[in-house]
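Right, one structure below, let's go through it.
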Amino acid sequence: MVFRQNEKENMLELNQTAMQAGALQNDITRHLKFSLGKDPEHAGVYDWRMSLSLALRDRVVEPWFASTRKTYEGKHKRVYYLSMEFLIGRMIEDVTINLGIEGQIREALTSLGQDYEAVVADEPDAALGNGGLGRLAACFMDSLSTLEIPAYGYGIRYEHGLFEQHFKDSQQIETAERWLEQRHPWEFERPEVAYKVGFGGHVTEAVGQAVWTPDETVMATAYDTPTVGWKGKWANTLRLWDAKPVELFDLASFNRGDYVGANTPERLARTITRVLYPDDTTESGKELRLKQEYFFTSASIQDLVRRFLSEGHKIDALDAHVAIQLNDTHPAIAGPELVRILVDEHGVSIHQAIDLARDCLAYTNHTLLPEALEAWPEGLFARILPRHFQIIEAIQARHQKATGSDIRIIDNGSVKMGELAFIMAHKVNGVSALHSELVKETVFADLHKTYPNRILNQTNGITPRRWLYSCNPALRNLINDTIGTDWQQDLEKLQDLNAHLDDAGFKEAFRAAKTANKKHLAKWLKDRHDVTVDTSALFDVQIKRIHEYKRQHMNILETIALWNDIRDNPTGDWTPRVKLFGGKAAPGYVFAKSIIRLINDVARTINADPVTRDVLQVVYPENYNVSMAELLIPASDLSEQISTAGKEASGTGNMKLSLNGSPTIGTLDGANVEIREHVGPDNFFLFGLTAAEAQIKRAEPGYARRAIEASPRLERALGQIGAGIFSEGDQHRYADILQNLYEHDYFLVTCDFDDYFAKQREVDAVYQDVTRWTRMAAANTANMGWFSSDRTIRGYARDIWGAQSVS
């Protein structure tokens with residue numbers, strides 16, 4: 001009887017799948033004809049991809065509308081997440097997975113004679129971010145929808161994003177991203193949602209009220225992308241702002257023959273939203289970045305206040321219905337902007353407005369580097385935002401009077417956005433347990449003493465839908481077969497895998513899944529970059545933006561030292577290893593770009609060496625992005641998380657790699673500490689100074705040079721770099737790196753190098769023990785459930801926002 005019942009249920013499910021696939025097939029061909037203007041006989045991959053995207057978007061609209069109606073009807077509190085970055089990646093797979101219709105999509109495309117993988121691969125990554133900050137924001141949007149918490153994400157619709165990375169003569173070359181050359185099918189343009197955003201001008205007083213008259217104004221217009229959660233039960237909105245001129249075209253100038261001048265308003269407006277993080281090493285670059293940040297923040301604050309008032313609330317109830325989260329200091333101007341609107345447009349007193357704004361605002365700190373906390377030249381700030389400068393003076397005076405503190409926002413000729421964000425937030429959170437404690441002790445030590453209950457921790461998380469279920473189907477299917485499917489919405493159920501870690505059949509299947517992923521990556525490297533790699537080798541992966549504190553240069557120095565050891569003993573029992581790098585350097589960050597060039601120069605030399613190339617290879621694919629991460633992470637054997645202790649706020653790449661069965665080699669930094677606690681010390685390769693030891697080491701005179709002289713391997717590697725071994729005889733190419741490491745080395749590469757090298761040889765030995773390594777890898781997957789962004793968002797909702805799930 002049970003067998004027959006299951007058979008009936010399976011037949012019913014197959015029939016439903018077939019019906020859904022048929023409906024999808026009809027919708028795809030309808031969009032192909034009526035939205036793309038093509039027939040199947042003349043359609044290319046682009047046409048099929050656009051038609052599929054529009055058919056999928058159709059299926060998101062209903063839950064999106066229903067979620068919006070439910071929020072309005074219940075007058076539920078909304079979360080507003082302000083972020084300069086939303087690194088959403090490709091959308092087709094994400095939406096398909098969350099709607100639970102992957103099988104139906106594949107069947108529909110197959111029936112239409114199309115290859116699902118080819119159609120997905122045709123979609124460009126949305127160029128809306130750079131690294132962890134933007135990917136975190138995207139994960140949070142996924143979890144907010146999955147948990148059915150009403151929310152808006154607010155950001156900028158960048159025309160060209162950060163940049164497209166290419167390598168020429170080993171150096172990073174930046175070209176404009178081109179993702180919007182094609183139509184972006186997921187968004188809805190909202191021309192009716194537009195706000196004026198002003199810059200410059202002067203402030204006067206009329207009838208006791210400040211009146212700001214900007215001398216430059218642009219329009220912020222909205223583009224909405226619905227973000228659907230797991231199983232399609234709820235969808236929130238990602239609203240991105242595009243800048244347009246108030247006066248689209250100066251016809252009078254055109255008719256006078258001033259054709260360039262006629263387009264000036266449009267050109268000035270478009271500049272604001274062209275590029276993410278314009279180079280701010282020049283005064284014009286600083287001005288553009290400040291305008292960018294104010295532009296999207298002002299539009300977002302105006303929008304949320306309008307929505308709040310449209311529901312019939314009184315302005316003094318704003319904090320009961322609005323929670324605003326600032327993702328880093330980029331939107332820190334939200335505090336003064338909200339105060340400006342409350343005071344200048346709604347007649348609220350300045351003191352009441354400051355308190356009300358603070359009750360709405362919260363700030364996430366992402367850095368322990370003081371130089372990364374934005375500060376604007378006082379003259380520039382007062383010129384671009386004169387009214388806000390006045391308001392910041394009032395905020396500072398109120399803070400000092402209320403606390404007796406001498407901490408200033410405007411100090412030594414600078415407007416300090418970290419202090420502004422902290423003082424105007426009712427809660428300030430770090431993003432890992434260690435980071436939150438170090439925030440109290442370092443960058444905000446004085447403010448913590450003044451406001452001892454303001455800082456709390458919310459350790460970052462990642463969405464398991466994208467970063468396991470979607471990107472790693474081989475492992476997903478093994479987990480489903482082993483413990484069922486409940487883990488997809490409750491990631492901590494992965495703990496049930498612990499009961500299978502010593503099962504030979506499970507370990508063999510786990511190993512097979514990893515091998516399949518490595519072969520998939522190897523094929524992509526061959527097809528895209530003409531690089532051949534040995535899939536039996538250990539895939540050693542470091543993927544993150546290039547920065548001194550992340551220490552990619554320590555990784556490549558260890559590679560050089562290993563290369564030397566292999567050349568000295570070519571018949572030794574070496575563990576084959578492929579070193580995989582991925583990441584971009586900011587265009588103005590000269591030292592980071594030198595690191596990129598060194599990695600590529602070393603790769604060229606080592607990969608051409610007939611003595612070592614069968615056991616050591618270095619691969620650095622250009623233009624790292626979300627889609628590349630979805631290939632590299634499932635294929636990784638070893639996760640490089642080697643930042644200087646006390647400098648990484650959290651990291652999320654470490655979580656993604658560990659979740660996908662990649663043990664970590666790392667320091668006690670950021671979320672590494674908590675990852676090690678969860679997966680177990682025996683499943684983590686720990687090395688390096690602690691944060692406290694690092695502080696002590698920096699106080700020792702000449703520590704860097706002494707460490708080099710005490711390390712023959714490091715001294716030899718640095719000598720080879722200086723001799724031009726990797727730079728075609730150019731002995732000066734890497735003088736900046738050598739001088740830094742010998743004379744300064746703030747990030748302690750020299751002091752951690754020997755311990756790092758020794759730990760890597762331990763990695764080699766364990767990897768050769770296939771059973772032990774597989775158990776370690778599987779133990780990582782089994783014990784990473786706590787690092788779901790669903791858990792993180794529940795923490796924010798409970799401890800910071802006071803927001804509820806509407807379910």
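Chain identifiers are assigned as A, B, and so on, following the order in which chains appear in the structure tokens; residues are numbered from 1 within each chain, and ligands are numbered from 1 in order of appearance.
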
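Neighbours of stretch 189-206 of chain A closer than or equal to 7 Å, with only C-alpha atoms counted and sequence neighbours fewer than 3 positions away skipped, come out as Gln209, Ala210, Val211, Trp212, Thr213, Pro214, Asp215, Glu216, Thr217, Val218, Met219, Ala220, Thr221, Ala222, Tyr223, Asp224, Phe295, Ser298, Ala299, Arg383, Ile384, Leu385, Pro386 and Arg387 of chain A.
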
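One finds atom CA of A:Gln768 at 13.3 Å from atom CA of A:Val615.
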
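Residues in contact with A:Ser111 at 9 Å, where only C-alpha atoms are counted and same-chain residues fewer than 4 positions away are skipped, are listed as Gly22, Gln25, Arg106 and Glu107 of chain A.
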
Include N, CA and C atoms and write out the residues we just selected as a short mmCIF file (atom, residue, chain, number, x, y, z; two decimals), in the first residue's frame.
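Contents of the output file selection19.cif:
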data_model
loop_
_atom_site.label_atom_id
_atom_site.label_comp_id
_atom_site.auth_asym_id
_atom_site.auth_seq_id
_atom_site.Cartn_x
_atom_site.Cartn_y
_atom_site.Cartn_z
N GLY A 22 5.37 22.93 -19.42
CA GLY A 22 4.62 23.33 -20.61
C GLY A 22 4.21 24.79 -20.54
N GLN A 25 7.24 26.88 -21.14
CA GLN A 25 7.59 26.85 -22.57
C GLN A 25 6.72 27.85 -23.35
N ARG A 106 14.64 23.57 -17.00
CA ARG A 106 15.50 22.74 -17.85
C ARG A 106 14.67 21.99 -18.89
N GLU A 107 13.54 21.44 -18.44
CA GLU A 107 12.69 20.67 -19.35
C GLU A 107 12.10 21.56 -20.44
#

Item to check | A:Ser650, A:Ser727, A:Thr96, A:Thr403 ranked by distance to A:Leu368, top pick (using only C-alpha atoms) | outcome: A:Ser650

Checklist entry - Could you pull the residues within 8 Å of stretch 707-714 of chain A, counting only C-alpha atoms, minus those fewer than 6 positions along the same chain, as a PyMOL selection string? => result chain A and resi 557-558+561+742+750-751+753-754

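Remark: for A:Arg794, the closest of the candidate residues A:Asp359, A:Ala252, A:Lys70, A:Asn460 is A:Asn460 (distances computed over only C-alpha atoms).
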
Checklist entry - Using the chain letters and numbers from this document, which residues of stretch 411-540 of chain A does DSSP assign to strand (DSSP E), as an MDAnalysis selection string? => result chainID A and resid 411 414:416 427:430 455:457 538:540

Export C-alpha atoms of the chosen residues as a compact mmCIF listing (two decimals), in the first residue's frame?
# COMPACT_ATOMS: atom_id res chain seq x y z
CA ASP A 411 38.00 67.78 13.66
CA SER A 414 37.93 66.94 8.37
CA VAL A 415 34.35 65.74 8.64
CA LYS A 416 34.69 62.22 10.09
CA LYS A 427 23.03 50.67 17.64
CA VAL A 428 26.44 50.03 16.09
CA ASN A 429 27.35 46.47 15.19
CA GLY A 430 30.51 44.66 14.32
CA ILE A 455 28.05 48.41 20.20
CA LEU A 456 26.90 44.84 19.72
CA ASN A 457 27.86 41.94 17.47
CA LEU A 538 45.32 20.27 -4.31
CA PHE A 539 43.36 23.35 -5.43
CA ASP A 540 44.60 26.12 -3.12
